[in-house]
>>> print(open('coords-v9.txt').read())   # compact mmCIF, C-alpha atoms
# COMPACT_ATOMS: atom_id res chain seq x y z
CA MET A 1 0.00 0.00 0.00
CA GLY A 2 3.04 2.20 0.25
CA SER A 3 4.12 4.68 2.89
CA HIS A 4 1.54 6.41 5.05
CA THR A 5 3.82 9.39 5.68
CA ARG A 6 2.14 12.72 6.37
CA SER A 7 5.16 14.88 5.45
CA TRP A 8 2.83 17.29 3.63
CA ILE A 9 1.80 18.57 7.06
CA PHE A 10 5.03 20.57 7.15
CA ASP A 11 3.63 22.66 4.28
CA LEU A 12 0.49 23.69 6.18
CA PRO A 13 0.23 27.35 7.30
CA GLU A 14 1.73 27.61 10.77
CA ASP A 15 -0.85 29.87 12.42
CA PRO A 16 -3.91 27.60 12.02
CA LEU A 17 -1.92 24.60 13.29
CA GLN A 18 -0.54 26.63 16.18
CA ASP A 19 -4.09 27.60 17.07
CA ARG A 20 -5.06 23.91 17.09
CA VAL A 21 -2.08 23.05 19.31
CA ASN A 22 -3.03 25.85 21.72
CA ARG A 23 -6.64 24.65 21.90
CA ALA A 24 -5.51 21.08 22.59
CA LEU A 25 -3.18 22.23 25.36
CA ASP A 26 -5.90 24.42 26.86
CA ASP A 27 -8.33 21.47 26.83
CA LEU A 28 -5.69 19.33 28.53
CA GLN A 29 -4.88 21.96 31.14
CA ASP A 30 -8.54 22.64 31.96
CA PHE A 31 -9.09 18.94 32.53
CA GLU A 32 -5.91 18.56 34.57
CA GLU A 33 -6.76 21.46 36.89
CA GLY A 34 -10.17 19.95 37.57
CA PHE A 35 -8.62 16.52 38.08
CA ARG A 36 -6.15 17.92 40.64
CA GLN A 37 -8.96 19.57 42.57
CA ARG A 38 -10.86 16.28 42.75
CA ASN A 39 -7.75 14.17 43.48
CA SER A 40 -5.48 16.12 45.81
CA ASN A 41 -3.30 13.09 46.53
CA SER A 42 -2.51 12.32 42.88
CA GLU A 43 1.00 12.45 41.44
CA PRO A 44 2.46 15.84 40.40
CA SER A 45 1.18 17.15 37.06
CA ASP A 46 3.43 17.26 34.01
CA ILE A 47 1.30 19.80 32.14
CA ASP A 48 3.97 22.53 32.08
CA GLN A 49 6.54 20.17 30.59
CA PHE A 50 3.94 18.93 28.13
CA ARG A 51 3.24 22.50 27.02
CA HIS A 52 6.95 23.07 26.54
CA GLU A 53 7.35 19.94 24.39
CA MET A 54 4.23 20.13 22.21
CA SER A 55 4.74 22.62 19.39
CA THR A 56 3.59 22.73 15.79
CA GLN A 57 6.92 21.22 14.77
CA THR A 58 6.83 18.33 17.24
CA LEU A 59 3.17 17.71 16.38
CA CYS A 60 4.01 17.41 12.69
CA ILE A 61 6.97 15.12 13.41
CA THR A 62 4.96 12.83 15.70
CA ILE A 63 1.99 12.66 13.30
CA ASP A 64 4.43 11.73 10.54
CA ALA A 65 5.98 9.06 12.80
CA TYR A 66 2.55 7.69 13.69
CA PHE A 67 1.53 7.16 10.07
CA GLU A 68 4.96 5.85 9.09
CA PHE A 69 5.61 3.40 11.93
CA VAL A 70 2.42 2.77 13.96
CA HIS A 71 -0.59 3.16 11.68
CA HIS A 72 0.12 0.11 9.50
CA ASN A 73 -0.14 -2.29 12.45
CA PHE A 74 -3.89 -1.75 12.33
CA PRO A 75 -5.16 1.44 10.64
CA LEU A 76 -7.92 3.05 12.68
CA VAL A 77 -7.65 6.47 11.03
CA HIS A 78 -8.71 7.10 7.42
CA PRO A 79 -5.52 8.63 5.92
CA PRO A 80 -7.00 10.67 3.02
CA SER A 81 -9.49 12.50 5.24
CA PHE A 82 -7.15 12.99 8.23
CA ASP A 83 -6.90 16.68 9.16
CA PRO A 84 -5.14 17.68 12.39
CA HIS A 85 -7.00 21.00 12.40
CA ASN A 86 -10.42 19.43 12.73
CA ILE A 87 -10.10 16.18 14.66
CA SER A 88 -10.99 15.96 18.34
CA THR A 89 -8.40 16.79 20.99
CA HIS A 90 -8.68 13.19 22.21
CA LEU A 91 -7.56 11.73 18.88
CA LEU A 92 -4.94 14.42 18.26
CA LEU A 93 -3.25 13.77 21.62
CA ALA A 94 -3.44 9.98 21.22
CA ILE A 95 -1.68 10.17 17.84
CA TYR A 96 0.84 12.63 19.28
CA ILE A 97 1.75 10.22 22.10
CA ALA A 98 1.77 7.10 19.88
CA GLY A 99 4.03 8.82 17.35
CA SER A 100 6.35 10.23 19.98
CA LEU A 101 6.83 6.78 21.58
CA VAL A 102 8.36 5.63 18.29
CA LEU A 103 10.88 8.49 18.25
CA SER A 104 12.03 8.50 21.88
CA PRO A 105 10.95 7.19 25.28
CA ARG A 106 8.31 9.45 26.78
CA CYS A 107 8.11 10.61 30.36
CA ARG A 108 5.66 8.33 32.15
CA GLN A 109 3.84 11.37 33.53
CA SER A 110 3.16 12.72 30.03
CA ILE A 111 1.61 9.43 28.92
CA ASN A 112 -0.45 9.28 32.11
CA LEU A 113 -1.63 12.82 31.46
CA VAL A 114 -3.05 11.96 28.04
CA GLN A 115 -4.50 8.67 29.25
CA ARG A 116 -6.34 10.47 32.03
CA PHE A 117 -7.67 13.04 29.56
CA ILE A 118 -9.00 10.32 27.25
CA PHE A 119 -10.50 8.03 29.88
CA GLU A 120 -11.42 10.30 32.79
CA THR A 121 -13.08 13.25 31.05
CA ASP A 122 -16.86 13.26 30.77
CA ALA A 123 -16.69 12.54 27.03
CA ILE A 124 -16.28 8.75 27.20
CA ASP A 125 -18.45 8.41 30.33
CA ASP A 126 -21.25 10.31 28.60
CA ILE A 127 -21.08 7.81 25.73
CA ILE A 128 -21.23 4.89 28.16
CA PHE A 129 -24.18 6.32 30.09
CA LYS A 130 -25.98 7.44 26.91
CA LYS A 131 -25.80 11.14 27.78
CA SER A 132 -23.52 12.22 24.95
CA THR A 133 -24.85 14.73 22.42
CA LEU A 134 -21.65 14.71 20.37
CA PRO A 135 -21.80 13.95 16.63
CA VAL A 136 -21.20 10.33 15.67
CA GLN A 137 -17.85 11.21 14.09
CA THR A 138 -16.60 12.81 17.31
CA LYS A 139 -17.73 9.79 19.34
CA MET A 140 -15.77 7.54 16.97
CA GLU A 141 -12.69 9.76 17.30
CA ILE A 142 -12.85 9.42 21.08
CA LEU A 143 -12.98 5.63 20.76
CA GLN A 144 -10.19 5.69 18.14
CA ALA A 145 -8.11 7.66 20.64
CA ALA A 146 -8.89 5.17 23.40
CA ALA A 147 -7.89 2.18 21.26
CA ILE A 148 -4.70 3.86 20.01
CA ILE A 149 -3.48 4.96 23.44
CA ILE A 150 -4.14 1.52 24.96
CA SER A 151 -2.40 -0.34 22.13
CA ALA A 152 0.56 2.07 22.28
CA ASP A 153 1.10 1.61 26.01
CA VAL A 154 -0.18 -1.86 26.80
CA VAL A 155 3.28 -3.41 26.39
CA THR A 156 4.78 -1.26 29.14
CA ASP A 157 6.99 -3.01 31.69
CA SER A 158 5.12 -1.36 34.56
CA TRP A 159 2.79 -3.86 36.20
CA LEU A 160 0.77 -1.05 37.80
CA VAL A 161 0.23 0.64 34.43
CA GLN A 162 -0.82 -2.66 32.86
CA GLN A 163 -3.23 -3.19 35.72
CA ARG A 164 -4.74 0.26 35.27
CA ILE A 165 -5.14 -0.25 31.53
CA CYS A 166 -6.63 -3.72 31.92
CA ASP A 167 -8.93 -3.03 34.87
CA GLN A 168 -9.95 0.61 34.38
CA TYR A 169 -9.35 1.92 30.87
CA PHE A 170 -10.07 -1.08 28.65
CA PRO A 171 -13.47 -1.76 30.30
CA LYS A 172 -14.50 1.81 29.41
CA LEU A 173 -13.57 1.28 25.76
CA LEU A 174 -15.45 -2.03 25.71
CA SER A 175 -18.52 -0.52 27.40
CA ALA A 176 -18.65 2.31 24.86
CA VAL A 177 -18.34 -0.16 21.97
CA ARG A 178 -21.26 -2.16 23.36
CA VAL A 179 -23.46 0.85 24.14
CA LEU A 180 -23.06 2.10 20.56
CA SER A 181 -23.77 -1.43 19.23
CA LEU A 182 -20.54 -1.39 17.22
CA THR A 183 -20.18 -5.18 17.42
CA SER A 184 -23.08 -5.50 14.96
CA ILE A 185 -22.02 -2.83 12.43
CA ARG A 186 -21.62 -4.16 8.88
CA ASN A 187 -19.28 -2.72 6.25
CA ASP A 188 -20.92 -4.15 3.14
CA TRP A 189 -19.67 -2.57 -0.06
CA ASP A 190 -22.60 -2.09 -2.45
CA ILE A 191 -21.38 0.00 -5.37
CA PRO A 192 -23.09 1.03 -7.54
CA SER A 193 -25.97 2.38 -5.51
CA ARG A 194 -28.57 5.05 -6.02
CA MET A 195 -26.53 7.40 -3.81
CA GLY A 196 -23.60 7.40 -6.21
CA ILE A 197 -20.12 6.01 -5.83
CA GLU A 198 -18.56 8.76 -3.70
CA THR A 199 -21.46 9.06 -1.25
CA ASP A 200 -21.68 5.30 -0.93
CA TYR A 201 -17.96 5.03 -0.28
CA GLU A 202 -18.09 7.71 2.44
CA ALA A 203 -20.77 5.67 4.21
CA PHE A 204 -18.61 2.57 3.80
CA VAL A 205 -15.60 4.32 5.42
CA GLN A 206 -17.71 5.49 8.36
CA ASN A 207 -18.87 1.93 8.96
CA GLU A 208 -15.37 0.54 8.40
CA ILE A 209 -13.99 2.83 11.11
CA MET A 210 -16.58 1.38 13.51
CA VAL A 211 -15.68 -2.16 12.42
CA ARG A 212 -11.99 -1.47 13.02
CA ILE A 213 -12.55 0.07 16.45
CA THR A 214 -14.49 -3.07 17.41
CA ALA A 215 -11.84 -5.35 15.93
CA MET A 216 -9.06 -3.58 17.85
CA THR A 217 -11.11 -3.86 21.05
CA PHE A 218 -11.45 -7.60 20.47
CA LEU A 219 -7.71 -7.96 19.78
CA LEU A 220 -6.77 -6.02 22.91
CA ASP A 221 -9.04 -8.32 24.91
CA GLY A 222 -7.23 -11.21 23.24
CA GLN A 223 -3.87 -9.83 24.32
CA PHE A 224 -4.97 -9.74 27.95
CA LEU A 225 -6.19 -13.33 27.53
CA ILE A 226 -3.04 -14.72 25.90
CA PHE A 227 -0.36 -12.90 27.83
CA ARG A 228 -1.99 -12.22 31.19
CA ARG A 229 -4.42 -15.19 31.37
CA ILE A 230 -7.39 -12.90 32.00
CA HIS A 231 -10.79 -14.32 31.13
CA PRO A 232 -12.02 -12.76 27.86
CA ARG A 233 -14.60 -10.03 28.20
CA LEU A 234 -15.70 -9.98 24.55
CA SER A 235 -16.74 -13.29 22.98
CA PRO A 236 -16.68 -14.22 19.27
CA ALA A 237 -20.44 -14.80 19.51
CA GLU A 238 -20.93 -11.06 20.14
CA MET A 239 -18.92 -10.15 17.03
CA THR A 240 -21.79 -10.20 14.54
CA GLY A 241 -20.67 -7.16 12.54
CA GLY A 242 -18.24 -7.01 9.65
CA LEU A 243 -14.59 -8.03 9.54
CA PRO A 244 -11.98 -5.43 8.49
CA CYS A 245 -11.60 -4.90 4.76
CA VAL A 246 -8.18 -4.76 3.09
CA ASP A 247 -6.31 -1.56 3.88
CA GLU A 248 -6.21 -0.45 0.24
CA HIS A 249 -10.01 -0.17 0.30
CA PHE A 250 -9.95 1.75 3.56
CA ALA A 251 -7.28 4.19 2.33
CA THR A 252 -8.97 5.14 -0.95
CA ASN A 253 -9.39 8.86 -1.58
CA PHE A 254 -13.00 10.07 -1.79
CA GLY A 255 -12.16 12.23 -4.80
CA SER A 256 -10.44 9.55 -6.87
CA GLN A 257 -13.11 8.22 -9.22
CA SER A 258 -10.74 5.71 -10.82
CA GLU A 259 -9.81 4.22 -7.41
CA MET A 260 -13.44 3.98 -6.37
CA HIS A 261 -14.45 2.33 -9.63
CA GLN A 262 -11.68 -0.20 -8.99
CA LEU A 263 -13.15 -0.91 -5.56
CA ALA A 264 -16.50 -1.62 -7.16
CA MET A 265 -14.95 -4.82 -8.51
CA ALA A 266 -13.89 -6.12 -5.08
CA ARG A 267 -15.96 -6.70 -1.96
CA PRO A 268 -14.82 -7.26 1.61
CA THR A 269 -15.94 -10.55 3.09
CA ARG A 270 -19.56 -10.55 4.16
CA LEU A 271 -18.74 -12.83 7.09
CA SER A 272 -18.73 -11.67 10.68
CA LEU A 273 -16.20 -13.11 13.12
CA SER A 274 -19.02 -15.11 14.71
CA GLU A 275 -19.93 -16.61 11.33
CA LEU A 276 -16.29 -17.33 10.45
CA ILE A 277 -15.73 -19.23 13.71
CA ASN A 278 -18.95 -21.19 13.20
CA ILE A 279 -17.88 -22.18 9.67
CA LEU A 280 -14.47 -23.29 10.88
CA MET A 281 -15.98 -25.44 13.63
CA ARG A 282 -19.06 -26.94 11.96
CA PRO A 283 -19.09 -30.51 10.59
CA VAL A 284 -19.60 -29.49 6.95
CA TRP A 285 -16.65 -27.87 5.18
CA HIS A 286 -16.93 -26.61 1.61
CA GLY A 287 -13.22 -25.92 1.26
CA ILE A 288 -11.04 -22.84 1.02
CA ASP A 289 -12.32 -22.01 -2.48
CA SER A 290 -15.98 -21.88 -1.49
CA GLU A 291 -17.99 -18.72 -2.06
CA GLU A 292 -18.38 -18.07 1.66
CA MET A 293 -14.59 -17.87 2.08
CA ARG A 294 -14.15 -15.15 -0.55
CA GLY A 295 -12.82 -11.79 0.59
CA LEU A 296 -10.92 -13.01 3.67
CA ASN A 297 -7.64 -11.17 4.24
CA ILE A 298 -4.74 -11.21 6.69
CA ARG A 299 -6.56 -9.03 9.20
CA SER A 300 -9.78 -11.07 9.13
CA LEU A 301 -7.83 -14.34 9.52
CA PHE A 302 -5.86 -12.85 12.42
CA MET A 303 -9.22 -12.05 13.99
CA GLY A 304 -10.15 -15.69 13.37
CA ILE A 305 -7.14 -17.16 15.19
CA SER A 306 -7.72 -14.70 18.06
CA GLY A 307 -11.32 -15.92 18.23
CA LEU A 308 -10.14 -19.52 18.48
CA HIS A 309 -7.81 -18.56 21.34
CA ASN A 310 -10.85 -17.06 23.05
CA ILE A 311 -12.81 -20.31 22.64
CA ILE A 312 -9.93 -22.51 23.81
CA PHE A 313 -9.37 -20.48 26.97
CA THR A 314 -13.08 -20.29 27.80
CA ALA A 315 -13.59 -24.01 27.20
CA GLN A 316 -10.65 -24.89 29.46
CA LYS A 317 -11.85 -22.52 32.15
CA ASN A 318 -15.40 -23.92 31.95
CA GLN A 319 -14.15 -27.51 31.76
CA THR A 320 -15.87 -28.14 28.42
CA ILE A 321 -12.61 -28.60 26.50
CA LEU A 322 -13.01 -32.40 26.17
CA TYR A 323 -16.37 -31.88 24.49
CA LEU A 324 -15.08 -29.16 22.14
CA SER A 325 -11.54 -30.42 21.55
CA ASP A 326 -12.17 -32.23 18.25
CA ARG A 327 -14.14 -29.32 16.82
CA ILE A 328 -11.41 -26.86 17.81
CA LYS A 329 -8.74 -29.07 16.23
CA THR A 330 -10.81 -29.14 13.05
CA ALA A 331 -11.16 -25.36 13.15
CA LEU A 332 -7.41 -24.88 13.60
CA SER A 333 -6.71 -27.21 10.68
CA ARG A 334 -9.13 -25.31 8.43
CA TRP A 335 -7.74 -21.97 9.54
CA ARG A 336 -4.25 -23.21 8.61
CA GLU A 337 -5.49 -24.15 5.14
CA LEU A 338 -6.94 -20.68 4.64
CA TRP A 339 -3.78 -19.00 5.91
CA ASP A 340 -1.40 -21.08 3.77
CA ASP A 341 -3.51 -20.40 0.68
CA LEU A 342 -3.57 -16.67 1.41
CA MET A 343 0.20 -16.55 1.99
CA GLU A 344 0.81 -18.15 -1.42
CA ARG A 345 -1.00 -15.17 -2.97
CA THR A 346 0.55 -12.50 -0.73
CA THR A 347 3.72 -10.58 -1.57
CA ASP A 348 6.45 -9.70 0.92
CA GLN A 349 5.44 -6.05 0.62
CA GLN A 350 1.82 -6.85 1.45
CA ARG A 351 2.92 -8.86 4.49
CA HIS A 352 5.09 -5.98 5.66
CA GLU A 353 2.20 -3.54 5.39
CA VAL A 354 -0.07 -5.37 7.86
CA GLY A 355 2.34 -5.02 10.79
CA PHE A 356 2.18 -7.56 13.61
CA MET A 357 -0.75 -9.46 12.06
CA LYS A 358 1.57 -11.10 9.55
CA TYR A 359 2.71 -13.26 12.48
CA ALA A 360 -0.62 -15.03 12.79
CA MET A 361 1.13 -18.40 12.36
CA GLU A 362 2.88 -17.88 15.69
CA PHE A 363 -0.53 -17.53 17.30
CA TRP A 364 -1.71 -20.67 15.48
CA TRP A 365 1.22 -22.63 16.96
CA LEU A 366 0.42 -21.17 20.36
CA ALA A 367 -3.23 -22.24 20.03
CA GLU A 368 -2.08 -25.76 19.19
CA ALA A 369 0.04 -25.75 22.35
CA MET A 370 -2.75 -24.33 24.52
CA LEU A 371 -5.06 -27.10 23.37
CA ARG A 372 -2.69 -29.68 24.86
CA VAL A 373 -2.21 -28.24 28.34
CA ASP A 374 -4.30 -26.85 31.15
CA HIS A 375 -5.13 -23.17 30.69
CA GLU A 376 -2.86 -22.29 33.63
CA GLY A 377 0.03 -24.23 32.11
CA LEU A 378 1.14 -21.60 29.61
CA SER A 379 2.56 -18.53 31.28
CA MET A 380 3.48 -15.93 28.69
CA GLY A 381 4.38 -13.27 31.23
CA HIS A 382 4.56 -9.76 29.82
CA THR A 383 5.32 -10.77 26.24
CA ALA A 384 4.20 -8.04 23.85
CA LEU A 385 1.52 -8.89 21.31
CA TRP A 386 3.48 -6.90 18.74
CA SER A 387 6.80 -8.67 19.39
CA ARG A 388 7.57 -11.60 17.13
CA GLU A 389 10.95 -12.18 18.76
CA SER A 390 9.48 -12.50 22.26
CA LEU A 391 6.72 -14.78 21.02
CA HIS A 392 9.26 -17.01 19.28
CA GLU A 393 11.29 -17.22 22.49
CA ASP A 394 8.25 -18.34 24.48
CA LEU A 395 7.27 -20.91 21.84
CA VAL A 396 10.81 -22.31 21.81
CA ARG A 397 10.66 -22.59 25.59
CA LEU A 398 7.34 -24.42 25.36
CA GLN A 399 8.69 -26.82 22.73
CA ARG A 400 11.79 -27.57 24.81
CA THR A 401 9.61 -28.54 27.74
CA GLY A 402 7.57 -30.76 25.47
CA LEU A 403 4.27 -28.96 25.88
CA THR A 404 3.65 -28.65 22.16
CA GLN A 405 4.34 -32.34 21.67
CA LYS A 406 1.90 -33.74 24.20
CA ALA A 407 -1.10 -35.58 22.85
>>> encode(input="coords-v9.txt", output="structure tokens")
Amino acid sequence: MGSHTRSWIFDLPEDPLQDRVNRALDDLQDFEEGFRQRNSNSEPSDIDQFRHEMSTQTLCITIDAYFEFVHHNFPLVHPPSFDPHNISTHLLLAIYIAGSLVLSPRCRQSINLVQRFIFETDAIDDIIFKKSTLPVQTKMEILQAAAIIISADVVTDSWLVQQRICDQYFPKLLSAVRVLSLTSIRNDWDIPSRMGIETDYEAFVQNEIMVRITAMTFLLDGQFLIFRRIHPRLSPAEMTGGLPCVDEHFATNFGSQSEMHQLAMARPTRLSLSELINILMRPVWHGIDSEEMRGLNIRSLFMGISGLHNIIFTAQKNQTILYLSDRIKTALSRWRELWDDLMERTTDQQRHEVGFMKYAMEFWWLAEAMLRVDHEGLSMGHTALWSRESLHEDLVRLQRTGLTQKA
């Protein structure tokens, strides 16, 4: 798909961007002052240092770093329509922090400051308690910010930070996703329609953003499951909406008629994660070339293997694994067929562009191992979901102890 760099931001007039930076900092400071009044025993504020560091130049550099090094792992932001002048302060600050973490280690207090702003302002609570009067787009930007800031910081070495993310912040994201019924949003691509190609595509992108927020929420829940052995809070059965489309579809420019006409020839899969898991586990299998398997991509298959991890853990915890074991083995075998077939048609460049999800095979091997031991038997510690090297090390350790070889 090529680079997602936003270097053109350097060419924007400085004054409007400076005004946006000032408004973001004022929003942050207003919140922080109120937070300090309500929490007199909290740690010292880093707002003055944050003001000193965040300038138009550093904002442009960190946005560029976000799109170049972070975005491709799982794009939540639509690149062609991204405008730092008009997005919510929540999303602007989340991208600023995520991009800055790539360039240099951030002060823990600065990250905490933005996390508090995203999760402890009224904005996300109002969504959860159905009091929000914000436009749908702004609500989605708040949830995009929540997903980005959690995924950027969830691999921290601090146990206390991980605990706060897992026990306080992630449940808010999940609650908002459920309240807005995002788990049932479909992203069907129905060009041509009576609305016209461009209008139809804009509606598709809006739905796709919702689908991707939900998918990231499910994957974050899966990370807590796999690496911290926490019971999943979002089941595959709830995931009745669409699966993510290929990134090329998501990144198409509204104004490019030729690109949109090209998209008219290709549809994302019409399957939900719930339907995909059911197909993988049911007795009847029509093969990888069947009509129902069309449109699956690396991201949707990564969702599939994450869903199977969810089922394995839950079955072991509920002591139903003996009943489901054969069906899960069948599902893993079918998933492997789909993955191998997809990899034969995928270029190295395409694999590179999907970030950590290209390592789905590692998670398949891990699922095979988990199926052979008690759910408490695999301790993955603080291994990062995004780290192939760490995952390989843990799998090698498991193989050496014979866990992956047990019948």
>>> closest_residue(input="coords-v9.txt", among="A:Ser104, A:Gln49, A:Thr314, A:Thr330", to="Ile226 of chain A", atoms="all atoms listed in the file")
A:Thr314
>>> atom_distance(input="coords-v9.txt", atom1="atom CA of Gln162 of chain A", atom2="atom CA of Ser300 of chain A")
26.7 Å
>>> closest_residue(input="coords-v9.txt", among="A:Thr121, A:Asn297, A:Ser333, A:Ser175", to="Phe35 of chain A", atoms="all atoms listed in the file")
A:Thr121
>>> atom_distance(input="coords-v9.txt", atom1="atom CA of Asp340 of chain A", atom2="atom CA of Val246 of chain A")
17.7 Å
>>> residues_around(input="coords-v9.txt", residues="Val354 of chain A", least_positions_apart="2", cutoff="9 Å", atoms="only C-alpha atoms", output="list in words")
His72, Asn73, Phe74, Pro75, Asp247, Ile298, Arg299, Gln350, Arg351, His352, Phe356, Met357 and Lys358 of chain A
>>> atom_distance(input="coords-v9.txt", atom1="atom CA of Ala145 of chain A", atom2="atom CA of Thr183 of chain A")
17.9 Å
>>> residues_around(input="coords-v9.txt", residues="Phe129 of chain A", least_positions_apart="4", cutoff="12 Å", atoms="all atoms listed in the file", output="list in words")
Asp122, Ala123, Ile124, Asp125, Thr133, Lys172, Ser175, Ala176, Val177, Arg178, Val179 and Leu180 of chain A
>>> closest_residue(input="coords-v9.txt", among="A:Val154, A:Met281, A:Ala215, A:Ile185", to="Arg228 of chain A", atoms="only C-alpha atoms")
A:Val154
>>> residues_near_point(input="coords-v9.txt", point="(-8.0, 4.3, 10.4)", cutoff="12 Å", atoms="all atoms listed in the file", output="MDAnalysis selection string")
chainID A and resid 4 66:67 70:82 91 95 140:141 143:145 147:148 205:213 215:216 244:252
>>> closest_residue(input="coords-v9.txt", among="A:Ser181, A:Ser274, A:Ser306, A:Ser132", to="Leu366 of chain A", atoms="all atoms listed in the file")
A:Ser306
>>> closest_residue(input="coords-v9.txt", among="A:Ile328, A:Leu220, A:Leu160, A:Leu182", to="Arg233 of chain A", atoms="all atoms listed in the file")
A:Leu220
>>> closest_residue(input="coords-v9.txt", among="A:Ile230, A:Ile321, A:Met303, A:Ala367", to="Phe218 of chain A", atoms="only C-alpha atoms")
A:Met303
>>> residues_near_point(input="coords-v9.txt", point="(7.0, 16.2, 22.5)", cutoff="8 Å", atoms="only C-alpha atoms", output="ChimeraX atom specification")
/A:50,52-55,58-59,62,96-97,100
>>> write_last_selection(input="coords-v9.txt", atoms="C-alpha atoms", output="PDB file, in the coordinates of the input")
ATOM      1  CA  PHE A  50       3.940  18.930  28.130  1.00  0.00           C
ATOM      2  CA  HIS A  52       6.950  23.070  26.540  1.00  0.00           C
ATOM      3  CA  GLU A  53       7.350  19.940  24.390  1.00  0.00           C
ATOM      4  CA  MET A  54       4.230  20.130  22.210  1.00  0.00           C
ATOM      5  CA  SER A  55       4.740  22.620  19.390  1.00  0.00           C
ATOM      6  CA  THR A  58       6.830  18.330  17.240  1.00  0.00           C
ATOM      7  CA  LEU A  59       3.170  17.710  16.380  1.00  0.00           C
ATOM      8  CA  THR A  62       4.960  12.830  15.700  1.00  0.00           C
ATOM      9  CA  TYR A  96       0.840  12.630  19.280  1.00  0.00           C
ATOM     10  CA  ILE A  97       1.750  10.220  22.100  1.00  0.00           C
ATOM     11  CA  SER A 100       6.350  10.230  19.980  1.00  0.00           C
TER      12      SER A 100
END
>>> residues_around(input="coords-v9.txt", residues="Glu291 of chain A", least_positions_apart="6", cutoff="12 Å", atoms="only C-alpha atoms", output="list in words")
Thr269, Arg270, Leu271 and Trp285 of chain A
>>> decode(input="coords-v9.txt", residues="segment 102-117 of chain A", atoms="N, CA and C atoms", output="PDB file, in the first residue's frame")
ATOM      1  N   VAL A 102       7.494   6.224  19.302  1.00  0.00           N
ATOM      2  CA  VAL A 102       8.364   5.629  18.290  1.00  0.00           C
ATOM      3  C   VAL A 102       9.713   6.347  18.240  1.00  0.00           C
ATOM      4  N   LEU A 103       9.686   7.663  18.442  1.00  0.00           N
ATOM      5  CA  LEU A 103      10.883   8.486  18.248  1.00  0.00           C
ATOM      6  C   LEU A 103      11.800   8.484  19.460  1.00  0.00           C
ATOM      7  N   SER A 104      11.217   8.484  20.660  1.00  0.00           N
ATOM      8  CA  SER A 104      12.028   8.498  21.884  1.00  0.00           C
ATOM      9  C   SER A 104      11.150   8.115  23.053  1.00  0.00           C
ATOM     10  N   PRO A 105      11.753   7.540  24.107  1.00  0.00           N
ATOM     11  CA  PRO A 105      10.952   7.188  25.283  1.00  0.00           C
ATOM     12  C   PRO A 105      10.295   8.438  25.869  1.00  0.00           C
ATOM     13  N   ARG A 106       9.029   8.323  26.216  1.00  0.00           N
ATOM     14  CA  ARG A 106       8.306   9.452  26.782  1.00  0.00           C
ATOM     15  C   ARG A 106       8.326   9.381  28.304  1.00  0.00           C
ATOM     16  N   CYS A 107       8.277  10.550  28.914  1.00  0.00           N
ATOM     17  CA  CYS A 107       8.114  10.606  30.360  1.00  0.00           C
ATOM     18  C   CYS A 107       6.805   9.929  30.732  1.00  0.00           C
ATOM     19  N   ARG A 108       6.844   9.057  31.729  1.00  0.00           N
ATOM     20  CA  ARG A 108       5.659   8.329  32.148  1.00  0.00           C
ATOM     21  C   ARG A 108       4.515   9.282  32.515  1.00  0.00           C
ATOM     22  N   GLN A 109       4.867  10.421  33.109  1.00  0.00           N
ATOM     23  CA  GLN A 109       3.839  11.366  33.534  1.00  0.00           C
ATOM     24  C   GLN A 109       3.106  11.966  32.329  1.00  0.00           C
ATOM     25  N   SER A 110       3.816  12.163  31.218  1.00  0.00           N
ATOM     26  CA  SER A 110       3.163  12.718  30.026  1.00  0.00           C
ATOM     27  C   SER A 110       2.158  11.730  29.449  1.00  0.00           C
ATOM     28  N   ILE A 111       2.529  10.450  29.425  1.00  0.00           N
ATOM     29  CA  ILE A 111       1.612   9.428  28.922  1.00  0.00           C
ATOM     30  C   ILE A 111       0.402   9.329  29.841  1.00  0.00           C
ATOM     31  N   ASN A 112       0.650   9.327  31.147  1.00  0.00           N
ATOM     32  CA  ASN A 112      -0.451   9.275  32.108  1.00  0.00           C
ATOM     33  C   ASN A 112      -1.400  10.452  31.930  1.00  0.00           C
ATOM     34  N   LEU A 113      -0.828  11.606  31.633  1.00  0.00           N
ATOM     35  CA  LEU A 113      -1.626  12.824  31.460  1.00  0.00           C
ATOM     36  C   LEU A 113      -2.635  12.655  30.325  1.00  0.00           C
ATOM     37  N   VAL A 114      -2.162  12.143  29.194  1.00  0.00           N
ATOM     38  CA  VAL A 114      -3.049  11.962  28.043  1.00  0.00           C
ATOM     39  C   VAL A 114      -4.033  10.827  28.294  1.00  0.00           C
ATOM     40  N   GLN A 115      -3.585   9.762  28.927  1.00  0.00           N
ATOM     41  CA  GLN A 115      -4.504   8.665  29.249  1.00  0.00           C
ATOM     42  C   GLN A 115      -5.636   9.144  30.151  1.00  0.00           C
ATOM     43  N   ARG A 116      -5.296   9.942  31.147  1.00  0.00           N
ATOM     44  CA  ARG A 116      -6.345  10.471  32.034  1.00  0.00           C
ATOM     45  C   ARG A 116      -7.326  11.323  31.239  1.00  0.00           C
ATOM     46  N   PHE A 117      -6.800  12.159  30.348  1.00  0.00           N
ATOM     47  CA  PHE A 117      -7.666  13.039  29.559  1.00  0.00           C
ATOM     48  C   PHE A 117      -8.644  12.225  28.712  1.00  0.00           C
TER      49      PHE A 117
END
